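**Q** Pasting work_31.cif below, which is mmCIF, C-alpha atoms and all ligand atoms.
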```
data_target
#
loop_
_atom_site.label_atom_id
_atom_site.label_comp_id
_atom_site.auth_asym_id
_atom_site.auth_seq_id
_atom_site.Cartn_x
_atom_site.Cartn_y
_atom_site.Cartn_z
CA MET A 1 15.37 -22.32 -12.66
CA SER A 2 13.06 -21.61 -9.78
CA THR A 3 13.62 -22.46 -6.16
CA LEU A 4 11.65 -23.21 -3.03
CA ASP A 5 14.30 -21.82 -0.71
CA PRO A 6 13.36 -18.23 0.24
CA LYS A 7 17.04 -17.48 0.94
CA GLN A 8 17.63 -18.01 -2.78
CA VAL A 9 14.95 -15.48 -3.75
CA ASP A 10 15.31 -11.72 -4.24
CA ALA A 11 12.40 -9.51 -3.24
CA VAL A 12 11.86 -6.34 -5.27
CA VAL A 13 9.47 -3.71 -3.92
CA LEU A 14 8.23 -0.98 -6.26
CA VAL A 15 7.93 2.25 -4.30
CA GLY A 16 8.50 4.91 -6.97
CA GLY A 17 4.91 6.07 -7.56
CA LYS A 18 3.67 9.56 -6.76
CA GLY A 19 0.64 8.43 -4.72
CA THR A 20 -1.54 11.12 -6.29
CA ARG A 21 -4.81 9.59 -5.04
CA LEU A 22 -3.64 10.15 -1.46
CA ARG A 23 -2.83 13.84 -1.84
CA PRO A 24 -2.35 16.00 0.12
CA LEU A 25 -0.79 13.41 2.48
CA THR A 26 1.66 12.27 -0.19
CA LEU A 27 2.94 15.80 -0.82
CA SER A 28 5.27 15.41 2.16
CA LYS A 29 5.85 11.63 2.17
CA PRO A 30 5.73 8.87 -0.42
CA LYS A 31 2.69 6.60 -0.05
CA PRO A 32 4.62 3.55 1.27
CA MET A 33 6.02 5.74 4.08
CA LEU A 34 2.71 7.06 5.43
CA PRO A 35 2.17 6.00 9.03
CA THR A 36 -0.17 3.02 9.21
CA ALA A 37 -1.03 1.69 12.66
CA GLY A 38 1.93 3.78 13.86
CA LEU A 39 4.58 2.45 11.45
CA PRO A 40 5.58 3.43 7.92
CA PHE A 41 3.35 1.29 5.70
CA LEU A 42 6.36 -0.38 4.10
CA THR A 43 7.48 -1.75 7.48
CA HIS A 44 4.46 -4.06 7.48
CA LEU A 45 5.28 -5.37 3.99
CA LEU A 46 9.01 -5.73 4.71
CA SER A 47 8.30 -7.58 7.95
CA ARG A 48 6.13 -10.04 6.01
CA ILE A 49 8.94 -10.56 3.50
CA ALA A 50 11.40 -11.18 6.36
CA ALA A 51 8.97 -13.55 8.09
CA ALA A 52 8.76 -15.60 4.87
CA GLY A 53 12.53 -16.13 5.10
CA ILE A 54 13.54 -13.90 2.18
CA GLU A 55 16.76 -12.04 3.07
CA HIS A 56 17.63 -9.75 0.17
CA VAL A 57 15.32 -6.88 -0.81
CA VAL A 58 15.74 -4.28 -3.53
CA LEU A 59 13.64 -1.13 -3.29
CA GLY A 60 12.92 0.49 -6.67
CA THR A 61 12.63 4.16 -5.76
CA SER A 62 11.96 7.40 -7.63
CA PHE A 63 9.61 9.94 -6.04
CA GLN A 64 11.09 11.20 -2.71
CA ALA A 65 13.66 8.40 -2.84
CA GLU A 66 15.86 9.64 0.04
CA VAL A 67 13.40 8.95 2.82
CA PHE A 68 13.42 5.19 2.33
CA GLU A 69 17.12 4.82 3.06
CA VAL A 70 16.90 7.17 6.05
CA GLU A 71 14.19 4.92 7.53
CA PHE A 72 15.39 1.43 6.61
CA GLY A 73 19.17 1.82 6.06
CA ASP A 74 20.83 -1.52 5.27
CA GLY A 75 17.75 -3.39 6.55
CA ALA A 76 19.53 -5.04 9.51
CA LYS A 77 16.89 -3.88 12.00
CA LEU A 78 14.31 -5.95 10.10
CA GLY A 79 16.70 -8.86 9.59
CA LEU A 80 17.02 -7.99 5.88
CA GLN A 81 19.71 -6.84 3.47
CA ILE A 82 18.20 -3.89 1.59
CA ASP A 83 19.59 -2.33 -1.60
CA TYR A 84 18.19 0.78 -3.25
CA VAL A 85 17.93 1.40 -6.97
CA PHE A 86 16.91 4.93 -7.91
CA GLU A 87 15.07 6.06 -11.05
CA PRO A 88 15.76 9.78 -11.63
CA GLU A 89 12.78 9.77 -14.01
CA PRO A 90 10.10 7.24 -13.01
CA LEU A 91 10.30 4.30 -15.42
CA GLY A 92 6.88 2.82 -14.66
CA THR A 93 6.23 -0.54 -13.02
CA GLY A 94 7.90 -2.59 -15.79
CA GLY A 95 10.80 -0.16 -16.15
CA GLY A 96 11.28 -0.27 -12.39
CA ILE A 97 11.57 -4.07 -12.48
CA ALA A 98 13.99 -4.03 -15.45
CA ASN A 99 16.07 -1.33 -13.76
CA VAL A 100 16.89 -3.37 -10.62
CA LEU A 101 18.52 -6.20 -12.64
CA PRO A 102 22.13 -5.32 -11.66
CA ALA A 103 21.15 -5.54 -7.97
CA LEU A 104 19.62 -9.03 -8.21
CA ARG A 105 21.52 -11.95 -6.68
CA HIS A 106 19.30 -14.92 -7.48
CA ASP A 107 17.35 -16.64 -10.27
CA THR A 108 13.93 -16.28 -8.66
CA VAL A 109 12.54 -12.81 -8.01
CA ALA A 110 9.43 -11.92 -5.98
CA VAL A 111 8.12 -8.49 -6.99
CA PHE A 112 5.75 -6.53 -4.76
CA ASN A 113 3.75 -3.36 -5.32
CA GLY A 114 4.72 -1.20 -2.34
CA ASP A 115 1.17 -0.25 -1.33
CA VAL A 116 -0.52 -3.61 -0.87
CA LEU A 117 -1.58 -5.03 2.50
CA SER A 118 -1.83 -8.76 2.00
CA GLY A 119 -1.90 -12.06 3.81
CA VAL A 120 -0.64 -14.12 0.89
CA ASP A 121 1.52 -17.09 1.85
CA GLU A 122 4.71 -16.25 -0.07
CA LEU A 123 6.12 -19.75 0.36
CA GLU A 124 2.97 -21.31 -1.13
CA LEU A 125 3.25 -18.85 -4.01
CA LEU A 126 6.87 -19.92 -4.63
CA ARG A 127 5.91 -23.58 -4.37
CA PHE A 128 3.09 -23.09 -6.90
CA HIS A 129 5.47 -21.24 -9.25
CA ALA A 130 7.99 -24.11 -9.14
CA GLU A 131 5.34 -26.82 -9.46
CA LYS A 132 3.75 -25.21 -12.53
CA ASN A 133 7.15 -24.64 -14.09
CA ALA A 134 6.01 -21.08 -14.72
CA ASP A 135 8.16 -18.25 -16.07
CA VAL A 136 5.98 -15.78 -14.19
CA THR A 137 3.36 -16.35 -11.49
CA LEU A 138 0.88 -13.67 -10.44
CA HIS A 139 -0.89 -13.56 -7.10
CA LEU A 140 -4.61 -13.10 -7.86
CA VAL A 141 -7.56 -12.25 -5.61
CA ARG A 142 -11.28 -11.72 -6.18
CA VAL A 143 -12.77 -8.27 -5.54
CA ALA A 144 -16.28 -6.82 -5.71
CA ASP A 145 -15.36 -4.16 -8.29
CA PRO A 146 -12.46 -5.20 -10.56
CA ARG A 147 -12.53 -2.06 -12.74
CA ALA A 148 -9.81 -0.26 -10.78
CA PHE A 149 -7.37 -3.18 -11.13
CA GLY A 150 -5.81 -5.55 -13.62
CA SER A 151 -8.39 -8.21 -14.52
CA VAL A 152 -6.70 -11.59 -15.02
CA PRO A 153 -8.65 -14.58 -16.38
CA THR A 154 -7.09 -18.05 -16.02
CA ASP A 155 -7.87 -21.47 -17.53
CA ALA A 156 -8.66 -24.70 -15.64
CA ASP A 157 -4.94 -25.36 -15.04
CA GLY A 158 -4.39 -21.87 -13.60
CA ARG A 159 -2.66 -20.54 -16.70
CA VAL A 160 -3.23 -16.84 -17.35
CA THR A 161 -5.12 -16.26 -20.61
CA ALA A 162 -5.22 -12.44 -20.68
CA PHE A 163 -4.24 -9.34 -18.69
CA LEU A 164 -6.57 -6.34 -18.93
CA GLU A 165 -5.45 -3.33 -16.90
CA LYS A 166 -8.26 -1.08 -15.60
CA THR A 167 -10.97 -1.68 -18.16
CA GLN A 168 -14.63 -0.66 -17.83
CA ASP A 169 -15.92 -4.16 -18.61
CA PRO A 170 -13.50 -6.65 -17.01
CA PRO A 171 -14.00 -10.29 -18.04
CA THR A 172 -13.50 -11.60 -14.48
CA ASP A 173 -13.51 -10.34 -10.90
CA GLN A 174 -10.18 -12.13 -10.42
CA ILE A 175 -7.56 -9.38 -10.27
CA ASN A 176 -3.82 -8.83 -10.14
CA ALA A 177 -2.98 -8.54 -6.43
CA GLY A 178 0.32 -6.76 -7.11
CA CYS A 179 2.73 -9.57 -6.20
CA TYR A 180 4.62 -11.60 -8.82
CA VAL A 181 7.26 -14.30 -9.03
CA PHE A 182 9.57 -13.85 -12.03
CA ASN A 183 12.26 -16.13 -13.32
CA ARG A 184 15.28 -13.86 -13.66
CA ALA A 185 15.63 -14.66 -17.38
CA VAL A 186 12.30 -12.90 -18.03
CA ILE A 187 13.62 -9.74 -16.35
CA GLU A 188 16.89 -9.99 -18.32
CA ALA A 189 14.90 -9.91 -21.56
CA LEU A 190 13.00 -6.70 -20.70
CA PRO A 191 13.98 -3.48 -22.48
CA ARG A 192 16.05 -1.28 -20.15
CA GLY A 193 16.23 2.43 -19.57
CA ARG A 194 12.84 3.40 -20.92
CA GLU A 195 9.37 3.87 -19.47
CA LEU A 196 7.54 0.53 -19.38
CA SER A 197 4.31 -0.67 -17.77
CA VAL A 198 4.38 -4.26 -16.52
CA GLU A 199 0.57 -4.36 -16.64
CA ARG A 200 -0.09 -2.70 -20.00
CA GLU A 201 2.97 -3.82 -21.97
CA VAL A 202 5.03 -6.61 -20.38
CA PHE A 203 2.29 -9.08 -19.39
CA PRO A 204 0.27 -8.73 -22.64
CA ARG A 205 3.47 -9.12 -24.71
CA LEU A 206 4.62 -12.21 -22.78
CA LEU A 207 1.16 -13.76 -23.15
CA ALA A 208 1.14 -13.07 -26.90
CA ASP A 209 4.56 -14.76 -27.12
CA GLY A 210 3.21 -17.88 -25.37
CA VAL A 211 5.37 -17.48 -22.26
CA PRO A 212 3.91 -19.61 -19.42
CA ILE A 213 2.31 -17.25 -16.89
CA PHE A 214 0.26 -18.75 -14.07
CA GLY A 215 -2.17 -17.25 -11.56
CA TYR A 216 -2.10 -18.27 -7.89
CA VAL A 217 -5.53 -17.47 -6.44
CA ASP A 218 -6.15 -17.32 -2.70
CA ALA A 219 -8.67 -15.82 -0.28
CA SER A 220 -6.28 -14.24 2.23
CA TYR A 221 -6.63 -10.66 3.46
CA TRP A 222 -5.98 -8.21 0.63
CA ARG A 223 -6.20 -4.43 0.19
CA ASP A 224 -4.53 -1.86 -2.06
CA MET A 225 -3.88 1.17 0.18
CA GLY A 226 -3.87 3.68 -2.68
CA THR A 227 -7.10 5.61 -1.94
CA PRO A 228 -8.19 7.43 1.22
CA GLU A 229 -11.03 4.94 1.85
CA ASP A 230 -8.69 1.96 1.55
CA PHE A 231 -5.93 3.60 3.55
CA VAL A 232 -8.31 4.25 6.44
CA ARG A 233 -9.81 0.74 6.26
CA GLY A 234 -6.42 -0.96 5.99
CA SER A 235 -5.04 1.00 8.93
CA ALA A 236 -8.08 0.09 11.05
CA ASP A 237 -7.78 -3.57 10.01
CA LEU A 238 -4.14 -3.59 11.15
CA VAL A 239 -5.06 -2.07 14.51
CA ARG A 240 -7.82 -4.63 15.04
CA GLY A 241 -5.67 -7.56 13.96
CA ILE A 242 -7.86 -8.28 10.92
CA ALA A 243 -4.96 -7.56 8.55
CA PRO A 244 -1.78 -9.52 9.29
CA SER A 245 1.50 -7.78 10.15
CA PRO A 246 4.42 -9.43 11.95
CA ALA A 247 5.56 -5.88 12.82
CA LEU A 248 2.52 -5.49 15.10
CA ALA A 249 2.77 -8.91 16.73
CA GLY A 250 0.55 -9.16 19.76
CA HIS A 251 -1.46 -6.03 19.17
CA ARG A 252 -5.20 -6.33 18.66
CA GLY A 253 -7.79 -3.86 19.86
CA GLU A 254 -10.31 -1.17 19.02
CA SER A 255 -7.70 1.58 19.14
CA LEU A 256 -3.96 2.19 19.34
CA VAL A 257 -2.62 5.21 21.24
CA HIS A 258 1.09 5.97 20.86
CA ASP A 259 3.63 7.20 23.40
CA GLY A 260 3.35 10.80 24.40
CA ALA A 261 -0.24 11.16 23.20
CA SER A 262 -2.86 12.39 25.64
CA VAL A 263 -6.49 11.30 25.60
CA ALA A 264 -8.88 13.20 27.90
CA PRO A 265 -11.30 11.24 30.08
CA GLY A 266 -14.61 10.72 28.31
CA ALA A 267 -13.13 10.61 24.81
CA LEU A 268 -14.28 7.53 22.87
CA LEU A 269 -11.82 5.77 20.56
CA TYR A 270 -12.95 2.78 18.50
CA GLY A 271 -13.24 1.30 15.01
CA GLY A 272 -9.48 0.75 14.73
CA THR A 273 -8.55 4.36 15.54
CA VAL A 274 -4.85 5.28 15.74
CA VAL A 275 -3.55 8.26 17.73
CA GLY A 276 0.02 9.29 16.87
CA ARG A 277 2.89 10.33 19.12
CA GLY A 278 2.32 13.55 21.02
CA ALA A 279 -1.24 14.01 19.69
CA GLU A 280 -3.86 15.52 22.01
CA ILE A 281 -7.46 14.32 22.13
CA GLY A 282 -9.87 16.51 24.11
CA PRO A 283 -12.81 15.61 26.35
CA GLY A 284 -15.96 14.25 24.71
CA VAL A 285 -14.21 13.63 21.41
CA ARG A 286 -15.42 10.61 19.39
CA LEU A 287 -12.93 8.94 17.05
CA ASP A 288 -14.33 6.12 14.90
CA GLY A 289 -11.78 4.58 12.53
CA ALA A 290 -9.76 7.81 12.63
CA VAL A 291 -6.08 8.05 11.73
CA ILE A 292 -4.54 10.88 13.76
CA PHE A 293 -0.91 11.56 12.82
CA ASP A 294 1.78 12.64 15.30
CA GLY A 295 1.32 15.98 17.01
CA ALA A 296 -2.25 16.62 15.85
CA LYS A 297 -4.77 18.15 18.24
CA VAL A 298 -8.51 17.40 18.39
CA GLU A 299 -10.47 19.70 20.67
CA ALA A 300 -13.48 19.03 22.90
CA GLY A 301 -16.61 17.45 21.47
CA SER A 302 -15.34 16.87 17.92
CA VAL A 303 -16.34 13.78 15.95
CA ILE A 304 -13.96 12.18 13.43
CA GLU A 305 -15.07 9.17 11.42
CA ARG A 306 -13.02 7.20 8.82
CA SER A 307 -10.75 10.18 8.22
CA ILE A 308 -7.06 11.09 8.34
CA VAL A 309 -5.72 14.08 10.27
CA GLY A 310 -2.19 15.05 9.17
CA TYR A 311 0.92 15.91 11.22
CA GLY A 312 0.35 18.76 13.66
CA ALA A 313 -3.10 19.62 12.29
CA LYS A 314 -5.60 21.16 14.67
CA ILE A 315 -9.33 20.40 14.81
CA GLY A 316 -11.36 22.97 16.77
CA PRO A 317 -14.15 22.16 19.23
CA ARG A 318 -17.29 20.33 18.03
CA ALA A 319 -16.11 19.89 14.47
CA LEU A 320 -17.33 16.94 12.39
CA ILE A 321 -15.02 15.17 9.93
CA ARG A 322 -16.37 12.15 8.06
CA ASP A 323 -14.55 10.42 5.18
CA GLY A 324 -12.13 13.31 4.77
CA ILE A 325 -8.44 14.21 4.87
CA VAL A 326 -6.98 17.15 6.80
CA GLY A 327 -3.48 17.99 5.55
CA ASP A 328 -0.43 18.55 7.76
CA GLY A 329 -0.60 21.64 9.92
CA ALA A 330 -4.10 22.68 8.78
CA ASP A 331 -6.25 24.48 11.33
CA ILE A 332 -9.96 23.61 11.25
CA GLY A 333 -12.18 26.04 13.19
CA ALA A 334 -14.84 25.17 15.75
CA ARG A 335 -17.99 23.46 14.44
CA CYS A 336 -16.74 23.10 10.88
CA GLU A 337 -18.17 20.13 9.00
CA LEU A 338 -16.03 18.29 6.46
CA LEU A 339 -17.87 15.42 4.83
CA ARG A 340 -17.39 12.74 2.22
CA GLY A 341 -14.28 13.25 0.12
CA ALA A 342 -13.24 16.61 1.63
CA ARG A 343 -9.48 17.19 1.35
CA VAL A 344 -7.96 20.15 3.17
CA TRP A 345 -4.50 21.11 1.92
CA PRO A 346 -1.59 21.51 4.36
CA GLY A 347 -1.53 24.69 6.42
CA VAL A 348 -5.00 25.84 5.34
CA VAL A 349 -6.89 27.74 8.06
CA LEU A 350 -10.69 27.44 8.21
CA PRO A 351 -12.41 29.90 10.56
CA ASP A 352 -15.01 28.78 13.11
CA CYS A 353 -18.15 27.51 11.29
CA GLY A 354 -16.26 28.16 8.02
CA ILE A 355 -17.85 25.18 6.24
CA ARG A 356 -21.20 23.66 7.26
CA TYR A 357 -23.65 21.27 5.61
CA SER A 358 -26.58 22.47 7.69
CA SER A 359 -28.08 25.90 8.33
CA ASP A 360 -28.29 25.79 12.14
CA VAL A 361 -24.99 27.23 13.33
N1 LIG B 1 10.01 2.20 -9.07
C1 LIG B 1 8.82 2.62 -9.54
N2 LIG B 1 8.79 3.40 -10.67
N3 LIG B 1 7.71 2.27 -8.87
C2 LIG B 1 6.52 2.70 -9.37
C3 LIG B 1 6.42 3.51 -10.52
C4 LIG B 1 7.64 3.87 -11.19
O1 LIG B 1 7.64 4.59 -12.20
N4 LIG B 1 5.10 3.77 -10.74
C5 LIG B 1 4.41 3.14 -9.76
N5 LIG B 1 5.26 2.51 -8.91
C6 LIG B 1 4.93 1.70 -7.73
C7 LIG B 1 4.00 2.44 -6.78
O2 LIG B 1 4.76 3.14 -5.80
C8 LIG B 1 3.19 1.29 -6.17
O3 LIG B 1 3.82 0.75 -5.03
C9 LIG B 1 3.19 0.24 -7.26
O4 LIG B 1 4.22 0.58 -8.19
C10 LIG B 1 1.84 0.14 -8.00
O5 LIG B 1 1.47 1.42 -8.45
P1 LIG B 1 0.01 2.01 -8.16
O6 LIG B 1 -0.02 3.37 -8.71
O7 LIG B 1 -0.37 1.80 -6.74
O8 LIG B 1 -0.85 1.07 -9.12
P2 LIG B 1 -2.41 0.70 -9.00
O9 LIG B 1 -2.79 0.45 -7.60
O10 LIG B 1 -3.19 1.73 -9.74
O11 LIG B 1 -2.49 -0.66 -9.85
C11 LIG B 1 -1.54 -1.70 -9.67
O12 LIG B 1 -1.83 -2.45 -8.49
C12 LIG B 1 -3.08 -3.18 -8.51
C13 LIG B 1 -3.15 -3.99 -7.22
O13 LIG B 1 -2.99 -3.23 -6.11
C14 LIG B 1 -1.57 -2.62 -10.89
O14 LIG B 1 -0.49 -3.51 -10.77
C15 LIG B 1 -2.90 -3.37 -11.02
O15 LIG B 1 -2.85 -4.30 -12.07
C16 LIG B 1 -3.17 -4.13 -9.72
O16 LIG B 1 -4.46 -4.76 -9.78
MG MG B 2 -1.87 0.69 -5.77
#
```
For the file at hand, write its structure as structure tokens.
**A**
Amino acid sequence: MSTLDPKQVDAVVLVGGKGTRLRPLTLSKPKPMLPTAGLPFLTHLLSRIAAAGIEHVVLGTSFQAEVFEVEFGDGAKLGLQIDYVFEPEPLGTGGGIANVLPALRHDTVAVFNGDVLSGVDELELLRFHAEKNADVTLHLVRVADPRAFGSVPTDADGRVTAFLEKTQDPPTDQINAGCYVFNRAVIEALPRGRELSVEREVFPRLLADGVPIFGYVDASYWRDMGTPEDFVRGSADLVRGIAPSPALAGHRGESLVHDGASVAPGALLYGGTVVGRGAEIGPGVRLDGAVIFDGAKVEAGSVIERSIVGYGAKIGPRALIRDGIVGDGADIGARCELLRGARVWPGVVLPDCGIRYSSDV
């Protein structure tokens, strides 16, 4: 039985992944806890769940599980009741869903990937699920390059006809947006206690068995935050109010500077830049779509574009960082250049002019 009342729906958020594509940032924090527009990413997702009227949330944790409970506790601050279910060994996305069964309270279960920034209307999704009499409903979106996602073709009635996870030649640009509605009975029938992929095993098996799975397609904001490019874009979109988040109600602007940060006169901040608590930005610095974590320091005349600077890292004068990541506590010397895809590991020290892409030092 499915319901339209969000109070009668459990939300499950999968947050047990290792976030390898965001290393080195995810060496010290799990991906859903990385600061995004000044808040742990998961706060944005949880505040959307609360705004939809869902009250009970189960977090399926594994990698660095402790930090979630330290941050969110029983959920009361967000108006939620949060339970935690820990996987000592990660069970995969399907195993994570099967594993939370004892914590579920209701017959309708909304499952969320913990790294997706989305504007989907959860109530419309629930309504669609009930109307179609579906056992499972998947939120689907269209993307330019579907190869990195689950490609999900549907028929004229919206019924899912196949699920192809990360293939080189996807049949459609309509992809799995990482948000599902399950009837509880489907979760009860999943094998427990073993590694299981919802994308590679559960959905294909259910489809082969003729279980009714439907796809709800919309054109709301959508981004998976799993890569550095997407993390930087998603953060900037939150700052500028392009991506929705009830947790940031009222904020909209070219940059967001947090308490205790100092920005010297003449520094230019735009493109959705975020400056964390206690960070220091020197004179003549240009930050375009930069994500500067708490306590970092950027010295005079440096330029940082579409890049992330970790906790307490230091960027020397007149450095250039474009499409890169500087790990926590790293120390980048004056006039270094770090371009497309550069990743500096935490604590690494680069001397002045230590890396350049041009010969005129
Ligand atoms: N509890 C638990 N246990 N959670 C896990 C595990 C696990 O073993 N493995 C991954 N997760 C969580 C991650 O923390 C993340 O929030 C979510 O499951 C999805 O994992 P990703 O690693 O981010 O998957 P993806 O981005 O490559 O692909 C998935 O998301 C796409 C949409 O964003 C798939 O579901 C694709 O089909 C989909 O298109
Ligand atoms: Mg992802």
**Q** How would you write, as a list of chain:residue names, the set of residues no farther than 6 Å from ligand MG 2 (chain B) when counting only C-alpha atoms and all ligand atoms?
**A**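 For ligand MG 2 (chain B), the residues inside 6 Å are A:Asp115, A:Asp224, A:Gly226.
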**Q** Would you kindly return, as a PyMOL selection string, each protein, DNA or RNA residue with an atom no farther than 12 Å from any atom of Ala249 in chain A, considering all atoms listed in the file and excluding same-chain residues fewer than 4 positions away?
**A** chain A and resi 37+44+47-48+51+238-241+243-245
**Q** Which of these residues is nearest to ligand LIG 1 (chain B), using all atoms listed in the file: A:Leu104, A:Val70, A:Val198, A:Ala185?
**A**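 Once distances to ligand LIG 1 (chain B) are computed over all atoms listed in the file, the minimum belongs to A:Val198.
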**Q** If you count only C-alpha atoms and all ligand atoms, which residues end up within 6 Å of ligand LIG 1 (chain B), as a short mmCIF file (atom, residue, chain, number, x, y, z; two decimals) with C-alpha atoms, keeping the file's coordinate frame?
**A**
```cif
data_model
loop_
_atom_site.label_atom_id
_atom_site.label_comp_id
_atom_site.auth_asym_id
_atom_site.auth_seq_id
_atom_site.Cartn_x
_atom_site.Cartn_y
_atom_site.Cartn_z
CA LEU A 14 8.23 -0.98 -6.26
CA VAL A 15 7.93 2.25 -4.30
CA GLY A 16 8.50 4.91 -6.97
CA GLY A 17 4.91 6.07 -7.56
CA GLY A 60 12.92 0.49 -6.67
CA THR A 61 12.63 4.16 -5.76
CA SER A 62 11.96 7.40 -7.63
CA PRO A 90 10.10 7.24 -13.01
CA LEU A 91 10.30 4.30 -15.42
CA GLY A 92 6.88 2.82 -14.66
CA THR A 93 6.23 -0.54 -13.02
CA GLY A 96 11.28 -0.27 -12.39
CA ASN A 113 3.75 -3.36 -5.32
CA GLY A 114 4.72 -1.20 -2.34
CA ASP A 115 1.17 -0.25 -1.33
CA VAL A 116 -0.52 -3.61 -0.87
CA PHE A 149 -7.37 -3.18 -11.13
CA GLY A 150 -5.81 -5.55 -13.62
CA GLU A 165 -5.45 -3.33 -16.90
CA ILE A 175 -7.56 -9.38 -10.27
CA ASN A 176 -3.82 -8.83 -10.14
CA ALA A 177 -2.98 -8.54 -6.43
CA GLY A 178 0.32 -6.76 -7.11
CA GLU A 199 0.57 -4.36 -16.64
CA ASP A 224 -4.53 -1.86 -2.06
CA GLY A 226 -3.87 3.68 -2.68
#
```
**Q** Of the residues A:Lys314, A:Arg340, A:Arg159, A:Arg335, which is the one nearest to Ile213 in chain A, using all atoms listed in the file?
**A**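 Closest candidate: A:Arg159.
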**Q** Which residue out of A:Phe163, A:Tyr270, A:Phe63, A:Phe112 has the minimum interatomic distance to Lys18 in chain A when all atoms listed in the file are used?
**A**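 Smallest distance to Lys18 in chain A is found for A:Phe63.
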**Q** Put a box with edges along x, y and z around all the listed atoms of range 290-296 of chain A, pad it by 3 Å on each side, then give me its centre and sizes in Å, one decimal, as lines of an AutoDock Vina configuration file.
**A**
```
center_x = -4.0
center_y = 12.2
center_z = 14.4
size_x = 17.5
size_y = 14.8
size_z = 11.3
```
**Q** Taking all atoms listed in the file into account, which of A:Ala334, A:Gln81, A:Glu195, A:Pro204 comes nearest Ile315 in chain A?
**A** A:Ala334
**Q** Of the candidates A:Gly316, A:Gly94, A:Gly329, A:Gly295, which one gets nearest to Phe203 in chain A if we count only C-alpha atoms?
**A**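 With only C-alpha atoms as the atom set, the closest residue is A:Gly94.
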**Q** Take CA of Arg233 in chain A and CA of Ala296 in chain A and report the distance between them in Å, one decimal.
**A**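 Rounded to one decimal, the two atoms are 20.0 Å apart.
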**Q** Using only C-alpha atoms, which of the listed residues (A:Ser358, A:Thr172, A:Asn99, A:Ser151) sits closest to Leu59 in chain A?
**A**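 Selected residue with least distance to Leu59 in chain A: A:Asn99.
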